[in-house]
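Source file: structure-v4.tsv. Holds: TSV, C-alpha atoms.
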```tsv
chain	number	residue	atom	x	y	z
A	236	MET	CA	126.24	60.46	117.77
A	237	THR	CA	127.58	62.18	114.68
A	238	ASP	CA	131.04	63.53	114.03
A	239	ASP	CA	129.82	66.33	111.83
A	240	VAL	CA	127.20	68.54	113.46
A	241	ARG	CA	128.07	71.30	110.97
A	242	SER	CA	126.82	69.14	108.15
A	243	VAL	CA	123.66	68.35	110.11
A	244	SER	CA	123.24	72.07	110.80
A	245	ARG	CA	123.51	72.88	107.10
A	246	GLY	CA	120.94	70.23	106.28
A	247	LEU	CA	118.51	71.46	108.92
A	248	THR	CA	118.97	75.08	107.89
A	249	ALA	CA	118.06	74.21	104.31
A	250	VAL	CA	114.98	72.29	105.47
A	251	VAL	CA	113.80	75.16	107.70
A	252	LEU	CA	114.26	77.66	104.87
A	253	GLY	CA	111.97	75.43	102.82
A	254	VAL	CA	109.06	75.78	105.25
A	255	PRO	CA	106.50	78.18	103.73
A	256	GLY	CA	106.58	81.51	105.55
A	257	VAL	CA	110.13	81.27	106.86
A	258	ARG	CA	112.10	84.29	105.67
A	259	SER	CA	115.45	83.64	107.27
A	260	VAL	CA	117.22	81.44	109.79
A	261	LEU	CA	119.45	83.27	112.24
A	262	PRO	CA	122.23	81.77	114.32
A	263	PRO	CA	121.29	81.74	118.02
A	264	GLY	CA	123.59	84.43	119.37
A	265	PRO	CA	124.62	85.51	122.86
A	266	ASN	CA	121.86	86.51	125.25
A	267	LEU	CA	121.03	90.15	125.80
A	268	ALA	CA	122.98	90.50	129.04
A	269	THR	CA	126.11	89.22	127.32
A	270	LEU	CA	125.58	91.56	124.36
A	271	VAL	CA	125.08	94.56	126.62
A	272	ARG	CA	128.35	93.72	128.37
A	273	ASP	CA	130.24	93.20	125.14
A	274	VAL	CA	128.70	93.48	121.71
A	275	HIS	CA	131.77	91.88	120.19
A	276	SER	CA	130.76	88.59	121.78
A	277	VAL	CA	128.45	88.21	118.79
A	278	LEU	CA	131.54	87.76	116.64
A	279	ASP	CA	131.90	84.31	118.17
A	280	LEU	CA	129.00	83.12	116.04
A	281	PRO	CA	130.20	80.27	113.81
A	282	ARG	CA	131.06	81.23	110.25
A	283	ASP	CA	130.65	77.87	108.67
A	284	GLY	CA	127.96	75.28	108.88
A	285	GLY	CA	124.32	76.28	108.98
A	286	ALA	CA	122.46	78.73	111.18
A	287	VAL	CA	120.68	76.00	113.17
A	288	LEU	CA	122.48	75.12	116.40
A	289	VAL	CA	122.99	71.37	116.78
A	290	GLN	CA	124.47	69.81	119.90
A	291	ASP	CA	124.73	66.06	119.60
A	292	ARG	CA	124.58	64.62	123.10
A	293	ARG	CA	124.52	61.09	124.46
A	294	GLU	CA	120.88	61.47	125.54
A	295	GLY	CA	119.88	62.83	122.16
A	296	ALA	CA	120.44	65.91	120.04
A	297	ARG	CA	119.58	69.40	121.27
A	298	ILE	CA	118.56	71.66	118.40
A	299	ARG	CA	117.88	75.39	118.49
A	300	VAL	CA	116.27	77.23	115.59
A	301	VAL	CA	115.75	81.00	115.34
A	302	VAL	CA	113.63	82.28	112.47
A	303	THR	CA	112.17	85.43	111.01
A	304	THR	CA	108.84	84.91	109.31
A	305	ASP	CA	106.41	86.32	106.79
A	306	ARG	CA	103.33	87.79	108.41
A	307	ARG	CA	101.11	86.54	105.60
A	308	VAL	CA	101.52	83.07	107.10
A	309	PRO	CA	99.95	82.46	110.55
A	310	THR	CA	102.80	82.11	113.01
A	311	LEU	CA	101.39	79.42	115.27
A	312	GLY	CA	100.99	76.91	112.46
A	313	LEU	CA	104.31	77.96	110.97
A	314	VAL	CA	106.31	77.40	114.14
A	315	ARG	CA	104.86	73.91	114.51
A	316	SER	CA	105.66	73.19	110.85
A	317	VAL	CA	109.26	74.22	111.47
A	318	ARG	CA	109.45	71.91	114.47
A	319	ASP	CA	107.96	69.01	112.50
A	320	ALA	CA	110.42	69.56	109.65
A	321	VAL	CA	113.38	69.75	112.04
A	322	VAL	CA	112.35	66.59	113.89
A	323	ALA	CA	111.86	64.66	110.63
A	324	GLU	CA	115.12	65.79	109.03
A	325	GLY	CA	117.04	65.58	112.30
A	326	THR	CA	115.88	62.01	112.80
A	327	ALA	CA	116.98	61.14	109.27
A	328	LEU	CA	120.38	62.80	109.60
A	329	LEU	CA	121.19	61.71	113.14
A	330	GLY	CA	119.61	58.29	113.14
A	331	ARG	CA	117.28	59.00	116.04
A	332	ARG	CA	114.77	61.57	117.16
A	333	PRO	CA	116.22	64.77	118.66
A	334	SER	CA	115.54	64.93	122.39
A	335	ASP	CA	115.19	68.69	122.66
A	336	VAL	CA	114.04	71.07	119.93
A	337	THR	CA	113.52	74.80	120.43
A	338	VAL	CA	112.05	77.02	117.73
A	339	ARG	CA	111.99	80.77	118.38
A	340	VAL	CA	110.28	83.34	116.13
A	341	VAL	CA	112.06	86.66	116.59
A	342	GLU	CA	110.60	88.77	113.80
A	343	ILE	CA	107.28	88.70	111.94
A	344	ASP	CA	107.59	90.94	108.92
B	265	MET	CA	124.97	85.21	132.69
B	266	THR	CA	121.23	85.56	132.17
B	267	ASP	CA	118.81	88.29	131.14
B	268	ASP	CA	117.61	88.38	134.76
B	269	GLU	CA	120.94	89.82	135.79
B	270	ARG	CA	120.74	93.26	137.37
B	271	PHE	CA	122.49	96.37	136.16
B	272	GLY	CA	122.59	98.50	139.26
B	273	ALA	CA	119.19	98.01	140.82
B	274	PHE	CA	117.39	97.16	137.58
B	275	THR	CA	116.84	94.19	135.29
B	276	LEU	CA	117.37	94.40	131.54
B	277	GLU	CA	113.63	94.04	131.10
B	278	GLU	CA	113.03	97.16	133.19
B	279	LEU	CA	115.68	99.09	131.29
B	280	SER	CA	114.33	97.87	127.97
B	281	ASP	CA	110.81	98.97	128.94
B	282	TYR	CA	112.17	102.39	129.89
B	283	LEU	CA	113.72	102.76	126.44
B	284	ASP	CA	110.45	101.64	124.85
B	285	THR	CA	108.76	104.68	126.42
B	286	ASP	CA	111.47	107.01	125.09
B	287	ARG	CA	112.41	107.56	128.75
B	288	THR	CA	109.10	109.33	129.29
B	289	PRO	CA	108.19	110.01	132.04
B	290	ALA	CA	111.76	110.32	133.26
B	291	ARG	CA	112.86	107.80	135.89
B	292	PRO	CA	115.36	109.58	138.16
B	293	ASP	CA	115.95	106.29	139.99
B	294	ILE	CA	117.20	104.71	136.75
B	295	ASP	CA	118.94	107.79	135.34
B	296	GLY	CA	120.72	108.32	138.66
B	297	ASP	CA	121.99	104.76	138.90
B	298	PRO	CA	125.45	104.75	137.25
B	299	GLU	CA	125.45	101.08	136.33
B	300	ALA	CA	121.88	101.20	135.01
B	301	ALA	CA	122.62	104.38	133.06
B	302	ALA	CA	125.68	102.78	131.46
B	303	ALA	CA	123.64	99.71	130.54
B	304	LEU	CA	120.99	101.96	128.99
B	305	VAL	CA	123.61	103.55	126.75
B	306	ARG	CA	124.82	100.14	125.62
B	307	LEU	CA	121.29	98.88	125.13
B	308	GLU	CA	120.47	101.92	122.98
B	309	SER	CA	123.58	101.26	120.94
B	310	LEU	CA	122.48	97.70	120.38
B	311	ARG	CA	119.09	98.88	119.20
B	312	THR	CA	120.65	101.04	116.55
B	313	ALA	CA	123.20	98.43	115.66
B	314	SER	CA	124.80	98.84	112.30
B	315	ARG	CA	128.00	97.76	110.68
B	316	ASP	CA	129.61	100.70	112.49
B	317	LEU	CA	128.77	99.07	115.79
B	318	LEU	CA	130.95	96.12	115.01
B	319	ASP	CA	133.52	98.45	113.42
B	320	ALA	CA	136.43	97.33	111.36
B	321	GLU	CA	137.00	94.33	113.60
B	322	ALA	CA	133.87	92.67	112.36
B	323	ALA	CA	134.55	93.43	108.72
B	324	GLU	CA	138.09	92.12	109.01
B	325	ALA	CA	136.99	89.03	110.87
B	326	ALA	CA	134.35	88.21	108.32
B	327	GLY	CA	136.38	88.97	105.27
B	328	ALA	CA	134.09	89.04	102.27
B	329	ASP	CA	131.33	87.03	103.97
B	330	ALA	CA	128.46	89.49	103.70
B	331	GLY	CA	125.96	86.78	104.59
B	332	TRP	CA	127.65	86.17	107.93
B	333	ILE	CA	127.74	89.92	108.70
B	334	ALA	CA	124.02	90.13	107.88
B	335	SER	CA	123.33	87.22	110.24
B	336	VAL	CA	125.36	88.84	113.02
B	337	LEU	CA	123.56	92.16	112.69
B	338	ALA	CA	120.14	90.49	112.54
B	339	SER	CA	121.02	88.49	115.64
B	340	VAL	CA	122.01	91.67	117.51
B	341	ARG	CA	118.93	93.54	116.33
B	342	THR	CA	116.44	90.85	117.23
B	343	THR	CA	118.10	90.08	120.57
B	344	ALA	CA	118.10	93.75	121.56
B	345	HIS	CA	114.36	93.92	120.93
B	346	ALA	CA	113.39	90.40	121.92
B	347	GLY	CA	111.70	91.05	125.26
B	348	ARG	CA	110.08	88.06	126.89
B	349	ASP	CA	109.62	84.63	125.35
B	350	ILE	CA	105.93	83.86	124.87
B	351	PRO	CA	105.35	80.09	124.73
B	352	VAL	CA	103.24	78.55	121.95
B	353	PRO	CA	100.68	75.93	123.08
B	354	ASP	CA	101.96	72.53	121.99
B	355	ASP	CA	101.59	68.89	123.00
B	356	ASP	CA	105.17	67.74	122.39
B	357	PRO	CA	107.16	67.72	125.66
B	358	ALA	CA	110.44	67.49	123.70
B	359	SER	CA	109.78	70.81	121.96
B	360	THR	CA	109.83	74.43	123.07
B	361	LEU	CA	108.06	76.74	120.64
B	362	VAL	CA	108.32	80.46	121.29
B	363	VAL	CA	107.32	83.79	119.78
B	364	THR	CA	109.22	86.70	121.27
B	365	GLU	CA	107.47	89.74	122.61
B	366	GLY	CA	109.67	91.81	120.30
B	367	ALA	CA	108.36	89.97	117.24
B	368	LEU	CA	104.78	90.87	118.17
B	369	ARG	CA	105.70	94.48	119.03
B	370	GLY	CA	107.40	94.82	115.66
B	371	LEU	CA	104.34	93.38	113.95
B	372	VAL	CA	102.06	95.93	115.66
B	373	ARG	CA	104.45	98.73	114.73
B	374	ALA	CA	104.40	97.62	111.08
B	375	LEU	CA	100.59	97.47	111.11
B	376	GLY	CA	100.56	101.05	112.38
B	377	ASP	CA	102.62	102.10	109.38
B	378	GLU	CA	99.80	100.84	107.17
B	379	VAL	CA	97.20	103.16	108.72
B	380	PRO	CA	97.56	106.69	107.33
B	381	GLY	CA	98.23	109.30	109.98
B	382	VAL	CA	99.20	106.81	112.71
B	383	VAL	CA	102.52	106.07	114.37
B	384	VAL	CA	102.70	103.29	116.96
B	385	ARG	CA	104.71	104.48	119.94
B	386	ARG	CA	104.50	101.60	122.35
B	387	THR	CA	102.91	98.17	122.75
B	388	ARG	CA	102.55	96.52	126.14
B	389	PHE	CA	101.50	92.98	126.91
B	390	THR	CA	100.40	92.33	130.48
B	391	GLY	CA	98.75	89.39	132.15
B	392	ASP	CA	99.55	85.72	131.73
B	393	VAL	CA	102.28	86.21	129.14
B	394	GLY	CA	104.47	83.38	130.39
B	395	THR	CA	101.82	80.67	130.08
B	396	ALA	CA	101.06	79.05	126.72
B	397	GLY	CA	97.58	80.16	125.70
B	398	GLY	CA	97.28	82.51	128.69
B	399	SER	CA	95.04	85.57	128.81
B	400	VAL	CA	96.82	88.80	127.96
B	401	ASP	CA	95.86	92.47	127.94
B	402	VAL	CA	97.27	94.47	125.04
B	403	GLU	CA	97.74	98.22	125.17
B	404	VAL	CA	98.96	100.14	122.14
B	405	SER	CA	99.92	103.81	122.44
B	406	ILE	CA	99.89	105.79	119.24
B	407	ALA	CA	100.44	109.26	117.86
B	408	ALA	CA	97.77	110.28	115.36
B	409	SER	CA	97.65	113.18	112.94
B	410	ALA	CA	94.98	115.76	113.70
B	411	ASP	CA	93.93	116.31	110.10
B	412	GLY	CA	91.15	113.73	110.31
B	413	PRO	CA	88.93	111.87	112.80
B	414	VAL	CA	91.40	110.47	115.31
B	415	HIS	CA	88.97	107.93	116.72
B	416	LEU	CA	88.45	106.40	113.28
B	417	ARG	CA	92.18	105.96	112.83
B	418	ALA	CA	92.50	104.38	116.25
B	419	GLU	CA	89.59	102.06	115.53
B	420	ALA	CA	91.01	101.08	112.12
B	421	LEU	CA	94.31	100.18	113.75
B	422	ARG	CA	92.60	98.30	116.55
B	423	SER	CA	90.73	96.19	114.04
B	424	ILE	CA	93.80	95.10	112.08
B	425	ILE	CA	95.78	94.45	115.26
B	426	GLU	CA	92.98	92.24	116.54
B	427	ASP	CA	93.04	90.19	113.33
B	428	ALA	CA	96.84	89.97	113.31
B	429	LEU	CA	97.11	88.85	116.92
B	430	ALA	CA	94.51	86.15	116.28
B	431	ALA	CA	96.82	84.75	113.60
B	432	HIS	CA	100.20	85.27	115.22
B	433	ALA	CA	99.97	85.61	119.02
B	434	PRO	CA	100.26	82.49	121.18
B	435	PHE	CA	97.94	83.94	123.80
B	436	VAL	CA	94.28	84.80	124.20
B	437	VAL	CA	93.67	88.54	123.88
B	438	ARG	CA	91.64	89.43	126.97
B	439	SER	CA	91.51	93.13	126.13
B	440	LEU	CA	92.90	95.33	123.40
B	441	VAL	CA	93.14	99.07	123.94
B	442	VAL	CA	94.50	101.57	121.45
B	443	ARG	CA	95.32	104.78	123.29
B	444	VAL	CA	96.02	108.05	121.47
B	445	ALA	CA	98.94	109.43	123.44
B	446	ASP	CA	99.93	112.23	121.06
B	447	LEU	CA	98.53	114.32	118.27
B	448	ILE	CA	100.64	114.99	115.22
B	449	GLU	CA	100.07	118.50	113.87
B	450	GLY	CA	101.82	119.68	110.74
B	451	GLY	CA	103.77	116.45	110.59
B	452	ARG	CA	105.24	116.87	114.07
B	453	PRO	CA	104.03	115.20	117.26
```
For this file, write the structure as structure tokens.
Amino acid sequence: MTDDVRSVSRGLTAVVLGVPGVRSVLPPGPNLATLVRDVHSVLDLPRDGGAVLVQDRREGARIRVVVTTDRRVPTLGLVRSVRDAVVAEGTALLGRRPSDVTVRVVEID
Amino acid sequence: MTDDERFGAFTLEELSDYLDTDRTPARPDIDGDPEAAAALVRLESLRTASRDLLDAEAAEAAGADAGWIASVLASVRTTAHAGRDIPVPDDDPASTLVVTEGALRGLVRALGDEVPGVVVRRTRFTGDVGTAGGSVDVEVSIAASADGPVHLRAEALRSIIEDALAAHAPFVVRSLVVRVADLIEGGRP
């Protein structure tokens, strides 16, 4: 367990931005139903730390990554490269392999 | 709260699909449902999200952090258009890799912008969308200008969509149909 998931998030965000074809990393926001109810719920997004969501749990870290990508790079290979980079850096930063990693591509531009 | 929640008698997916068709043909069952109609208005607002949407509250809350504001707006924009999650085939049980339906729709729309005289109106994915590597039928409705051979424009678009989906879509394209739904004459559909 780490005391500073914000620092881990910043590290993972930097690593994801370094994967060829990743244009941006977005913070995972509220789901659509929540946004439709109240768009201001998006203002709860954290303003410090990185854009990668890190939840350090006893059974292992849960990591969520949302990216926009460059369409000149094939998405299927890219999304696996992001996962591989997150697992490698997450393992280094947290001391053990994350137990749950989600990578979502939301825009191919 | 989940995206499966109903607004009146309809799910967000149904309402989102209705907006994708520009509410054509009209759905009196949706339009006449007060809760669904209100959700449609809010969903439309989300789709045109801008700094105005978050008004002064957002600007004040963020202070001078333009990067955070950009992230917030991108999060709203991509969530409003996300559609379904389409799983990417992968062997790692500890990972979930996903491309959203909205990402692929946006890609098809951008490809349409590259073909002169074509505007992509709507893209639908039907079939085994929820299974990694499933078979999916793709239907793209376009408006095409009438100042040239329409079928050649449709075929040109079909060809580049086919190539793009091979590189970016996590499913097998079972069929790909480009349907000319409108003619653009004098710059107006």
Taking only C-alpha atoms into account, find every residue of chain B that has an atom no more than 8 Å from chain A, and write it out as a VMD selection string. chain B and resid 265 to 267 269 276 303 306 to 307 310 318 322 326 332 335 to 336 338 to 340 342 to 344 346 352 358 to 364 366 to 368 370 to 371 374 431 to 434
What is the atom CA of A:Val254 to atom CA of A:Val289 distance in Å?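 The value is 18.6 Å.
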Determine, counting all atoms listed in the file, which protein, DNA and RNA residues have an atom within 6 Å of an atom of B:Val382; residues of the same chain fewer than 2 positions away are not included. Present the result as a list in words. Gly376, Val379, Pro380, Ala407 and Ala408 of chain B
What is the atom CA of B:Glu299-atom CA of B:Ser280 distance in Å, reported with one decimal?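 Straight-line distance from atom CA of B:Glu299 to atom CA of B:Ser280 works out to 14.3 Å.
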When you draw a straight line from atom CA of B:Thr395 to atom CA of B:Asp354, how long is it in Å? 11.5 Å
May I have the residues at most 8 Å from (100.5, 102.0, 124.1) in the file's coordinates, counting all atoms listed in the file, as an mmCIF file with C-alpha atoms, in the frame of the given file?
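result-v2.cif written:
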```cif
data_model
loop_
_atom_site.group_PDB
_atom_site.id
_atom_site.type_symbol
_atom_site.label_atom_id
_atom_site.label_comp_id
_atom_site.auth_asym_id
_atom_site.auth_seq_id
_atom_site.Cartn_x
_atom_site.Cartn_y
_atom_site.Cartn_z
ATOM 1 C CA VAL B 384 102.700 103.290 116.960
ATOM 2 C CA ARG B 385 104.710 104.480 119.940
ATOM 3 C CA ARG B 386 104.500 101.600 122.350
ATOM 4 C CA THR B 387 102.910 98.170 122.750
ATOM 5 C CA ARG B 388 102.550 96.520 126.140
ATOM 6 C CA GLU B 403 97.740 98.220 125.170
ATOM 7 C CA VAL B 404 98.960 100.140 122.140
ATOM 8 C CA SER B 405 99.920 103.810 122.440
ATOM 9 C CA ILE B 406 99.890 105.790 119.240
ATOM 10 C CA VAL B 441 93.140 99.070 123.940
ATOM 11 C CA VAL B 442 94.500 101.570 121.450
ATOM 12 C CA ARG B 443 95.320 104.780 123.290
ATOM 13 C CA VAL B 444 96.020 108.050 121.470
ATOM 14 C CA ALA B 445 98.940 109.430 123.440
#
```
